[in-house]
>>> print(open('start12.cif').read())   # mmCIF, C-alpha atoms and all ligand atoms
data_my_file
loop_
_atom_site.group_PDB
_atom_site.id
_atom_site.type_symbol
_atom_site.label_atom_id
_atom_site.label_comp_id
_atom_site.auth_asym_id
_atom_site.auth_seq_id
_atom_site.Cartn_x
_atom_site.Cartn_y
_atom_site.Cartn_z
ATOM 1 C CA MET A 1 112.989 102.958 74.689
ATOM 2 C CA ARG A 2 116.396 101.298 74.082
ATOM 3 C CA GLU A 3 117.548 102.429 77.532
ATOM 4 C CA ALA A 4 114.447 100.932 79.135
ATOM 5 C CA LEU A 5 115.092 97.610 77.361
ATOM 6 C CA LEU A 6 118.718 97.535 78.470
ATOM 7 C CA THR A 7 117.798 98.221 82.086
ATOM 8 C CA GLN A 8 115.110 95.572 81.970
ATOM 9 C CA SER A 9 117.511 92.912 80.639
ATOM 10 C CA MET A 10 119.933 93.604 83.490
ATOM 11 C CA LEU A 11 117.510 93.046 86.345
ATOM 12 C CA PRO A 12 118.797 90.703 89.071
ATOM 13 C CA VAL A 13 117.630 87.092 88.712
ATOM 14 C CA THR A 14 114.812 86.473 91.204
ATOM 15 C CA ASN A 15 113.863 83.518 93.396
ATOM 16 C CA ASP A 16 111.049 82.408 91.104
ATOM 17 C CA GLU A 17 113.435 82.214 88.111
ATOM 18 C CA CYS A 18 116.064 79.915 89.611
ATOM 19 C CA ALA A 19 116.617 76.430 91.029
ATOM 20 C CA LEU A 20 119.302 75.842 93.655
ATOM 21 C CA PHE A 21 121.499 72.698 93.673
ATOM 22 C CA LEU A 22 123.894 72.261 96.593
ATOM 23 C CA ASP A 23 126.741 69.826 97.057
ATOM 24 C CA PHE A 24 127.201 68.436 100.608
ATOM 25 C CA ASP A 25 130.824 67.625 101.682
ATOM 26 C CA GLY A 26 133.143 70.636 101.514
ATOM 27 C CA THR A 27 130.214 72.856 100.514
ATOM 28 C CA LEU A 28 127.431 72.724 103.126
ATOM 29 C CA VAL A 29 129.665 71.049 105.719
ATOM 30 C CA ASP A 30 133.378 71.422 106.421
ATOM 31 C CA ILE A 31 135.698 68.607 105.407
ATOM 32 C CA ALA A 32 136.445 66.237 108.316
ATOM 33 C CA GLU A 33 139.138 63.613 108.862
ATOM 34 C CA ARG A 34 136.707 60.745 108.244
ATOM 35 C CA PRO A 35 133.411 60.451 106.305
ATOM 36 C CA ASP A 36 131.536 59.675 109.551
ATOM 37 C CA ALA A 37 132.976 62.702 111.389
ATOM 38 C CA VAL A 38 131.224 65.538 109.498
ATOM 39 C CA VAL A 39 129.224 67.948 111.652
ATOM 40 C CA LEU A 40 126.061 69.541 110.307
ATOM 41 C CA ASP A 41 125.413 73.105 111.470
ATOM 42 C CA PRO A 42 122.183 72.643 113.484
ATOM 43 C CA ALA A 43 120.712 75.820 111.932
ATOM 44 C CA LEU A 44 121.121 74.512 108.361
ATOM 45 C CA PRO A 45 117.945 72.377 107.967
ATOM 46 C CA GLU A 46 115.766 75.362 108.900
ATOM 47 C CA VAL A 47 117.726 77.777 106.679
ATOM 48 C CA LEU A 48 117.367 75.392 103.707
ATOM 49 C CA THR A 49 113.675 74.854 104.447
ATOM 50 C CA ARG A 50 113.045 78.633 104.333
ATOM 51 C CA LEU A 51 115.085 78.919 101.165
ATOM 52 C CA GLU A 52 113.241 76.028 99.566
ATOM 53 C CA GLU A 53 109.963 77.868 100.260
ATOM 54 C CA ARG A 54 111.329 81.068 98.690
ATOM 55 C CA LEU A 55 112.353 79.024 95.608
ATOM 56 C CA GLY A 56 108.947 77.400 95.198
ATOM 57 C CA GLY A 57 110.393 74.009 96.169
ATOM 58 C CA ALA A 58 113.252 74.152 93.637
ATOM 59 C CA LEU A 59 116.102 73.226 95.976
ATOM 60 C CA ALA A 60 118.027 69.953 95.996
ATOM 61 C CA ILE A 61 121.170 68.477 97.525
ATOM 62 C CA ILE A 62 123.436 66.849 94.913
ATOM 63 C CA SER A 63 126.009 64.625 96.602
ATOM 64 C CA GLY A 64 128.323 61.653 96.311
ATOM 65 C CA ARG A 65 126.841 60.336 99.564
ATOM 66 C CA PRO A 66 123.961 57.853 99.605
ATOM 67 C CA ILE A 67 120.490 59.416 100.041
ATOM 68 C CA ASN A 68 119.948 57.483 103.287
ATOM 69 C CA PHE A 69 123.060 59.106 104.785
ATOM 70 C CA LEU A 70 121.851 62.587 103.759
ATOM 71 C CA ASP A 71 118.366 61.897 105.136
ATOM 72 C CA GLY A 72 120.034 60.882 108.406
ATOM 73 C CA GLN A 73 121.763 64.268 108.505
ATOM 74 C CA PHE A 74 118.860 66.512 107.497
ATOM 75 C CA GLY A 75 115.826 64.512 108.606
ATOM 76 C CA ALA A 76 114.095 61.807 106.584
ATOM 77 C CA SER A 77 112.915 62.995 103.150
ATOM 78 C CA LEU A 78 113.246 66.655 104.142
ATOM 79 C CA PHE A 79 114.804 67.755 100.843
ATOM 80 C CA ASP A 80 114.969 66.655 97.244
ATOM 81 C CA THR A 81 118.298 64.910 96.793
ATOM 82 C CA ALA A 82 120.599 63.175 94.358
ATOM 83 C CA GLY A 83 122.924 60.609 95.940
ATOM 84 C CA LEU A 84 125.947 58.610 94.747
ATOM 85 C CA HIS A 85 126.928 61.312 92.224
ATOM 86 C CA GLY A 86 123.510 61.075 90.559
ATOM 87 C CA LEU A 87 122.946 57.306 90.613
ATOM 88 C CA GLU A 88 119.911 57.751 92.861
ATOM 89 C CA HIS A 89 117.540 60.651 93.336
ATOM 90 C CA ARG A 90 114.418 62.001 94.982
ATOM 91 C CA ILE A 91 112.766 64.584 92.731
ATOM 92 C CA ALA A 92 109.686 66.418 93.988
ATOM 93 C CA GLY A 93 109.424 63.734 96.665
ATOM 94 C CA ARG A 94 109.604 60.742 94.235
ATOM 95 C CA LEU A 95 112.401 58.377 95.204
ATOM 96 C CA MET A 96 114.551 56.297 92.802
ATOM 97 C CA LEU A 97 117.215 54.276 94.645
ATOM 98 C CA CYS A 98 120.081 52.174 93.309
ATOM 99 C CA ASP A 99 119.918 48.451 94.209
ATOM 100 C CA PRO A 100 123.331 46.937 95.146
ATOM 101 C CA ASP A 101 122.032 43.533 93.952
ATOM 102 C CA ASP A 102 122.170 44.947 90.412
ATOM 103 C CA HIS A 103 125.962 45.255 90.841
ATOM 104 C CA PRO A 104 127.252 41.762 91.804
ATOM 105 C CA ASP A 105 130.711 42.315 90.247
ATOM 106 C CA LEU A 106 131.119 45.555 92.175
ATOM 107 C CA ARG A 107 129.996 43.859 95.413
ATOM 108 C CA ALA A 108 132.682 41.177 94.915
ATOM 109 C CA ALA A 109 135.263 43.887 94.139
ATOM 110 C CA ILE A 110 134.376 45.714 97.389
ATOM 111 C CA GLU A 111 135.007 42.528 99.387
ATOM 112 C CA ARG A 112 138.424 42.207 97.748
ATOM 113 C CA LEU A 113 139.219 45.894 98.354
ATOM 114 C CA GLU A 114 138.433 45.519 102.049
ATOM 115 C CA GLU A 115 140.949 42.691 102.263
ATOM 116 C CA VAL A 116 143.615 44.551 100.287
ATOM 117 C CA VAL A 117 143.478 47.726 102.417
ATOM 118 C CA SER A 118 143.288 45.880 105.752
ATOM 119 C CA SER A 119 147.102 45.934 105.866
ATOM 120 C CA LYS A 120 147.186 49.749 105.402
ATOM 121 C CA PRO A 121 146.252 51.605 108.585
ATOM 122 C CA GLY A 122 144.503 54.910 107.848
ATOM 123 C CA VAL A 123 143.193 53.839 104.431
ATOM 124 C CA LEU A 124 139.396 53.579 104.669
ATOM 125 C CA ILE A 125 136.863 51.790 102.517
ATOM 126 C CA GLU A 126 133.460 53.509 102.474
ATOM 127 C CA ASP A 127 130.977 50.970 101.128
ATOM 128 C CA LYS A 128 127.990 52.855 99.684
ATOM 129 C CA GLY A 129 126.153 49.882 98.176
ATOM 130 C CA CYS A 130 126.323 50.777 94.472
ATOM 131 C CA SER A 131 129.669 52.550 94.791
ATOM 132 C CA VAL A 132 132.731 52.486 97.007
ATOM 133 C CA ALA A 133 135.226 55.134 98.112
ATOM 134 C CA VAL A 134 138.881 54.490 98.982
ATOM 135 C CA HIS A 135 139.962 57.275 101.388
ATOM 136 C CA TRP A 136 143.558 58.200 102.334
ATOM 137 C CA ARG A 137 143.051 61.520 104.241
ATOM 138 C CA GLN A 138 144.405 59.894 107.413
ATOM 139 C CA ALA A 139 147.295 58.194 105.612
ATOM 140 C CA PRO A 140 148.564 60.665 102.965
ATOM 141 C CA GLN A 141 151.661 58.486 102.419
ATOM 142 C CA GLU A 142 149.294 55.831 100.983
ATOM 143 C CA LYS A 143 147.884 58.071 98.233
ATOM 144 C CA ASP A 144 149.672 56.212 95.400
ATOM 145 C CA PHE A 145 148.673 52.822 96.827
ATOM 146 C CA ALA A 146 145.019 53.899 97.175
ATOM 147 C CA LEU A 147 144.871 55.358 93.661
ATOM 148 C CA ALA A 148 146.546 52.299 92.121
ATOM 149 C CA THR A 149 144.188 49.970 94.027
ATOM 150 C CA ALA A 150 141.054 51.825 92.865
ATOM 151 C CA HIS A 151 142.244 51.960 89.251
ATOM 152 C CA ALA A 152 143.191 48.269 89.233
ATOM 153 C CA ALA A 153 139.735 47.381 90.573
ATOM 154 C CA VAL A 154 138.033 49.383 87.814
ATOM 155 C CA GLU A 155 140.229 47.854 85.156
ATOM 156 C CA ALA A 156 139.112 44.410 86.323
ATOM 157 C CA LEU A 157 135.449 45.497 86.419
ATOM 158 C CA GLY A 158 135.467 46.787 82.830
ATOM 159 C CA SER A 159 134.015 49.824 81.124
ATOM 160 C CA SER A 160 130.681 49.821 82.999
ATOM 161 C CA TYR A 161 132.513 51.378 85.948
ATOM 162 C CA ARG A 162 134.800 54.372 86.357
ATOM 163 C CA VAL A 163 136.985 56.088 88.950
ATOM 164 C CA GLN A 164 135.875 59.444 90.341
ATOM 165 C CA HIS A 165 138.735 61.390 91.890
ATOM 166 C CA GLY A 166 138.092 63.689 94.834
ATOM 167 C CA LYS A 167 139.628 65.218 97.933
ATOM 168 C CA ALA A 168 141.939 62.478 99.338
ATOM 169 C CA VAL A 169 139.608 59.882 97.823
ATOM 170 C CA ALA A 170 139.148 57.712 94.739
ATOM 171 C CA GLU A 171 135.663 56.298 94.192
ATOM 172 C CA ILE A 172 134.501 53.414 92.034
ATOM 173 C CA LEU A 173 131.041 53.890 90.587
ATOM 174 C CA PRO A 174 128.895 52.945 87.588
ATOM 175 C CA ALA A 175 130.233 54.842 84.563
ATOM 176 C CA ALA A 176 126.918 56.541 83.800
ATOM 177 C CA ALA A 177 126.750 58.386 87.131
ATOM 178 C CA GLY A 178 127.451 62.122 86.995
ATOM 179 C CA LYS A 179 126.214 65.281 88.645
ATOM 180 C CA GLY A 180 125.630 67.126 85.339
ATOM 181 C CA ALA A 181 123.214 64.491 84.047
ATOM 182 C CA VAL A 182 121.234 64.368 87.273
ATOM 183 C CA ILE A 183 120.917 68.183 87.445
ATOM 184 C CA GLU A 184 119.591 68.077 83.880
ATOM 185 C CA LYS A 185 117.098 65.414 85.010
ATOM 186 C CA PHE A 186 115.836 67.569 87.885
ATOM 187 C CA LEU A 187 115.296 70.430 85.410
ATOM 188 C CA GLN A 188 112.880 68.266 83.399
ATOM 189 C CA HIS A 189 110.462 68.059 86.321
ATOM 190 C CA PRO A 190 108.330 70.615 88.200
ATOM 191 C CA PRO A 191 109.113 72.666 90.254
ATOM 192 C CA TYR A 192 112.567 72.789 88.604
ATOM 193 C CA ARG A 193 111.357 72.906 84.989
ATOM 194 C CA GLY A 194 111.812 76.283 83.283
ATOM 195 C CA ARG A 195 114.147 77.619 85.981
ATOM 196 C CA ARG A 196 117.819 78.619 85.648
ATOM 197 C CA PRO A 197 120.090 76.355 87.698
ATOM 198 C CA ILE A 198 122.577 77.503 90.315
ATOM 199 C CA PHE A 199 125.011 74.775 91.375
ATOM 200 C CA ILE A 200 127.420 75.242 94.278
ATOM 201 C CA GLY A 201 130.186 72.688 94.900
ATOM 202 C CA ASP A 202 133.819 72.285 95.870
ATOM 203 C CA ASP A 203 135.357 69.187 94.307
ATOM 204 C CA LEU A 204 136.260 67.407 91.073
ATOM 205 C CA THR A 205 132.912 65.565 90.891
ATOM 206 C CA ASP A 206 131.198 68.973 90.907
ATOM 207 C CA GLU A 207 133.060 70.150 87.789
ATOM 208 C CA ASN A 208 130.782 67.908 85.721
ATOM 209 C CA GLY A 209 127.778 69.703 87.272
ATOM 210 C CA PHE A 210 129.352 73.134 86.696
ATOM 211 C CA LYS A 211 129.827 72.334 82.984
ATOM 212 C CA MET A 212 126.184 71.359 82.593
ATOM 213 C CA VAL A 213 124.925 74.398 84.489
ATOM 214 C CA ASN A 214 127.159 76.741 82.425
ATOM 215 C CA ALA A 215 125.824 75.177 79.216
ATOM 216 C CA LEU A 216 122.253 75.739 80.415
ATOM 217 C CA GLY A 217 122.834 79.448 81.130
ATOM 218 C CA GLY A 218 122.946 78.903 84.888
ATOM 219 C CA LEU A 219 125.345 80.008 87.578
ATOM 220 C CA SER A 220 128.199 77.786 88.837
ATOM 221 C CA VAL A 221 129.913 78.565 92.131
ATOM 222 C CA ARG A 222 133.064 76.863 93.425
ATOM 223 C CA ILE A 223 133.824 76.791 97.144
ATOM 224 C CA GLY A 224 137.539 77.249 97.830
ATOM 225 C CA ALA A 225 140.647 77.287 95.668
ATOM 226 C CA GLY A 226 141.567 75.091 92.707
ATOM 227 C CA GLU A 227 141.182 75.029 88.962
ATOM 228 C CA THR A 228 137.547 75.153 87.951
ATOM 229 C CA VAL A 229 135.080 75.912 85.181
ATOM 230 C CA ALA A 230 132.779 77.554 87.746
ATOM 231 C CA ARG A 231 132.002 81.211 87.047
ATOM 232 C CA GLU A 232 131.941 82.412 90.689
ATOM 233 C CA ARG A 233 133.852 81.512 93.831
ATOM 234 C CA LEU A 234 133.214 81.601 97.582
ATOM 235 C CA GLY A 235 135.914 81.048 100.222
ATOM 236 C CA THR A 236 134.645 78.381 102.603
ATOM 237 C CA PRO A 237 131.565 76.335 103.582
ATOM 238 C CA SER A 238 131.126 78.773 106.466
ATOM 239 C CA ASP A 239 130.951 81.722 103.991
ATOM 240 C CA LEU A 240 128.323 79.798 102.047
ATOM 241 C CA ARG A 241 126.248 79.006 105.152
ATOM 242 C CA LYS A 242 126.229 82.716 106.023
ATOM 243 C CA SER A 243 125.174 83.658 102.480
ATOM 244 C CA LEU A 244 122.392 81.030 102.447
ATOM 245 C CA SER A 245 121.151 82.218 105.822
ATOM 246 C CA ARG A 246 120.988 85.852 104.625
ATOM 247 C CA TRP A 247 119.264 84.742 101.401
ATOM 248 C CA ALA A 248 116.666 82.768 103.400
ATOM 249 C CA ARG A 249 116.091 85.740 105.729
ATOM 250 C CA GLU A 250 116.133 88.657 103.288
ATOM 251 C CA GLY A 251 115.071 87.049 100.016
ATOM 252 C CA SER A 252 117.573 88.418 97.498
ATOM 253 C CA LEU A 253 120.188 86.207 95.831
ATOM 254 C CA PRO A 254 123.683 86.577 97.311
ATOM 255 C CA PHE A 255 125.248 86.637 93.807
ATOM 256 C CA ASN A 256 125.692 89.383 91.297
ATOM 257 C CA TRP A 257 123.618 87.606 88.629
ATOM 258 C CA THR A 258 121.469 89.547 86.208
ATOM 259 C CA SER A 259 119.068 88.204 83.612
ATOM 260 C CA ASP A 260 121.434 89.034 80.711
ATOM 261 C CA THR A 261 124.329 86.896 82.046
HETATM 262 O O1 LIG A 301 129.498 65.162 96.521
HETATM 263 P P1 LIG A 301 129.832 65.433 97.950
HETATM 264 O O2 LIG A 301 128.664 65.647 98.823
HETATM 265 O O3 LIG A 301 130.863 66.532 98.095
HETATM 266 O O4 LIG A 301 130.552 64.085 98.437
HETATM 267 C C1 LIG A 301 131.839 63.719 97.917
HETATM 268 C C2 LIG A 301 132.458 62.680 98.839
HETATM 269 O O5 LIG A 301 132.543 63.306 100.112
HETATM 270 C C3 LIG A 301 132.957 62.523 101.230
HETATM 271 O O6 LIG A 301 134.358 62.481 101.257
HETATM 272 C C4 LIG A 301 134.933 63.747 101.459
HETATM 273 O O7 LIG A 301 134.509 64.256 102.745
HETATM 274 C C5 LIG A 301 134.984 63.491 103.889
HETATM 275 C C6 LIG A 301 134.367 64.114 105.130
HETATM 276 O O8 LIG A 301 134.668 65.477 105.205
HETATM 277 C C7 LIG A 301 136.517 63.541 103.912
HETATM 278 O O9 LIG A 301 137.012 62.806 105.028
HETATM 279 C C8 LIG A 301 137.054 62.973 102.581
HETATM 280 O O10 LIG A 301 138.458 63.127 102.546
HETATM 281 C C9 LIG A 301 136.442 63.704 101.373
HETATM 282 O O11 LIG A 301 136.830 63.100 100.163
HETATM 283 C C10 LIG A 301 132.287 61.174 101.288
HETATM 284 O O12 LIG A 301 132.906 60.376 102.252
HETATM 285 C C11 LIG A 301 132.198 60.491 99.932
HETATM 286 O O13 LIG A 301 131.342 59.358 100.046
HETATM 287 C C12 LIG A 301 131.568 61.453 98.951
HETATM 288 O O14 LIG A 301 131.417 60.859 97.677
#
>>> encode(input="start12.cif", output="structure tokens")
Amino acid sequence: MREALLTQSMLPVTNDECALFLDFDGTLVDIAERPDAVVLDPALPEVLTRLEERLGGALAIISGRPINFLDGQFGASLFDTAGLHGLEHRIAGRLMLCDPDDHPDLRAAIERLEEVVSSKPGVLIEDKGCSVAVHWRQAPQEKDFALATAHAAVEALGSSYRVQHGKAVAEILPAAAGKGAVIEKFLQHPPYRGRRPIFIGDDLTDENGFKMVNALGGLSVRIGAGETVARERLGTPSDLRKSLSRWAREGSLPFNWTSDT
């Protein structure tokens, strides 16, 4: 009897028990030199659609990008999504967007930032409406300047805003935005409710999501090297795409995750 119970509690987690949350940059797509230069694997929308079916609809993309950018990549409204690190979301098809008009101080700060960086070739401002990213991937010598500029802007904006560090980027966004909180929100709604979350990401903004998922008894997976609270690791976005494709085709989770862990 005891043996039977033990075996039962160690069964692999199945598709109908879990919800899958996927980061975009550095996770589903390889990092590119510029935000507008990422290349989506043309097979990915179909792979994710098959996987979403296997998961009873419980699949969402959780990104720092705006939802309209992600829809442009995958096809309008194809997947549930959280954009701008959780500031906006589409859950079970219901859309909640962030309105830039609600952030007049930030809009004025973005105008100033554009002026300030215009004298620094290779430093890019990515205006995302309710948030802004200062990128230095193409000008690594300007890292200190870019970081100082983003932090000075947030200091002037006050405590309603914060800086989110990332890969060769510092972003300014409303302080309440975070991937952990938005994953928790998804889990309050069908078809996510009652499922165990899996979150796969690669960057500092994803650590907040990993923490939440760990606390909820889910599975956190970090793509690539670096300090992390994630419990599992995969090498590259390409490794992940292969794993997702096999999962969509064959049906069993590509992780060693049993119901007792
Ligand atoms: O949450 P994510 O989906 O991972 O988005 C995080 C940020 O990713 C983007 O910047 C990063 O990817 C760029 C393209 O590969 C790269 O050039 C840059 O250095 C990276 O930091 C995106 O541009 C940001 O808006 C996202 O917030």
>>> resolve_selection(input="start12.cif", expression="the PyMOL selection byres (((not hetatm)) within 9 of (chain A and resi 301))", output="JSON, numbers by chain")
{"A": [22, 23, 24, 25, 26, 27, 28, 29, 30, 31, 32, 33, 34, 35, 36, 37, 38, 39, 61, 62, 63, 64, 65, 66, 70, 83, 84, 85, 126, 127, 128, 131, 132, 133, 134, 135, 136, 137, 138, 164, 165, 166, 167, 168, 169, 170, 171, 179, 201, 202, 203, 204, 205, 206]}
>>> resolve_selection(input="start12.cif", expression="the PyMOL selection byres (((chain A and resi 226) around 12) and not hetatm)", output="list in words")
Lys167, Gly201, Asp202, Asp203, Leu204, Glu207, Arg222, Ile223, Gly224, Ala225, Glu227, Thr228, Val229, Ala230, Arg233, Leu234 and Gly235 of chain A
>>> atom_distance(input="start12.cif", atom1="CA of Trp247 in chain A", atom2="CA of Arg231 in chain A")
19.5 Å
>>> atom_distance(input="start12.cif", atom1="CA of Glu88 in chain A", atom2="CA of Asp16 in chain A")
26.3 Å
>>> residues_around(input="start12.cif", residues="Pro190 in chain A", least_positions_apart="4", cutoff="9 Å", atoms="only C-alpha atoms", output="list in words")
Gly57, Ala58, Ile91, Ala92, Phe186 and Gly194 of chain A
>>> build_atoms(input="start12.cif", residues="range 172-183 of chain A", atoms="N, CA and C atoms", output="compact mmCIF listing (two decimals), in the coordinates of the input")
# COMPACT_ATOMS: atom_id res chain seq x y z
N ILE A 172 134.86 54.28 93.15
CA ILE A 172 134.50 53.41 92.03
C ILE A 172 132.98 53.44 91.93
N LEU A 173 132.50 53.79 90.74
CA LEU A 173 131.04 53.89 90.59
C LEU A 173 130.63 53.56 89.15
N PRO A 174 129.36 53.22 88.94
CA PRO A 174 128.90 52.94 87.59
C PRO A 174 129.21 54.13 86.67
N ALA A 175 129.69 53.81 85.46
CA ALA A 175 130.23 54.84 84.56
C ALA A 175 129.21 55.92 84.23
N ALA A 176 127.93 55.57 84.24
CA ALA A 176 126.92 56.54 83.80
C ALA A 176 126.65 57.62 84.85
N ALA A 177 127.08 57.42 86.08
CA ALA A 177 126.75 58.39 87.13
C ALA A 177 127.50 59.70 86.93
N GLY A 178 126.80 60.81 87.11
CA GLY A 178 127.45 62.12 87.00
C GLY A 178 126.51 63.21 87.48
N LYS A 179 127.07 64.23 88.09
CA LYS A 179 126.21 65.28 88.64
C LYS A 179 125.54 66.14 87.56
N GLY A 180 126.23 66.32 86.41
CA GLY A 180 125.63 67.13 85.34
C GLY A 180 124.34 66.49 84.84
N ALA A 181 124.39 65.18 84.59
CA ALA A 181 123.21 64.49 84.05
C ALA A 181 122.05 64.54 85.03
N VAL A 182 122.35 64.39 86.32
CA VAL A 182 121.23 64.37 87.27
C VAL A 182 120.64 65.77 87.46
N ILE A 183 121.47 66.82 87.38
CA ILE A 183 120.92 68.18 87.44
C ILE A 183 120.00 68.42 86.24
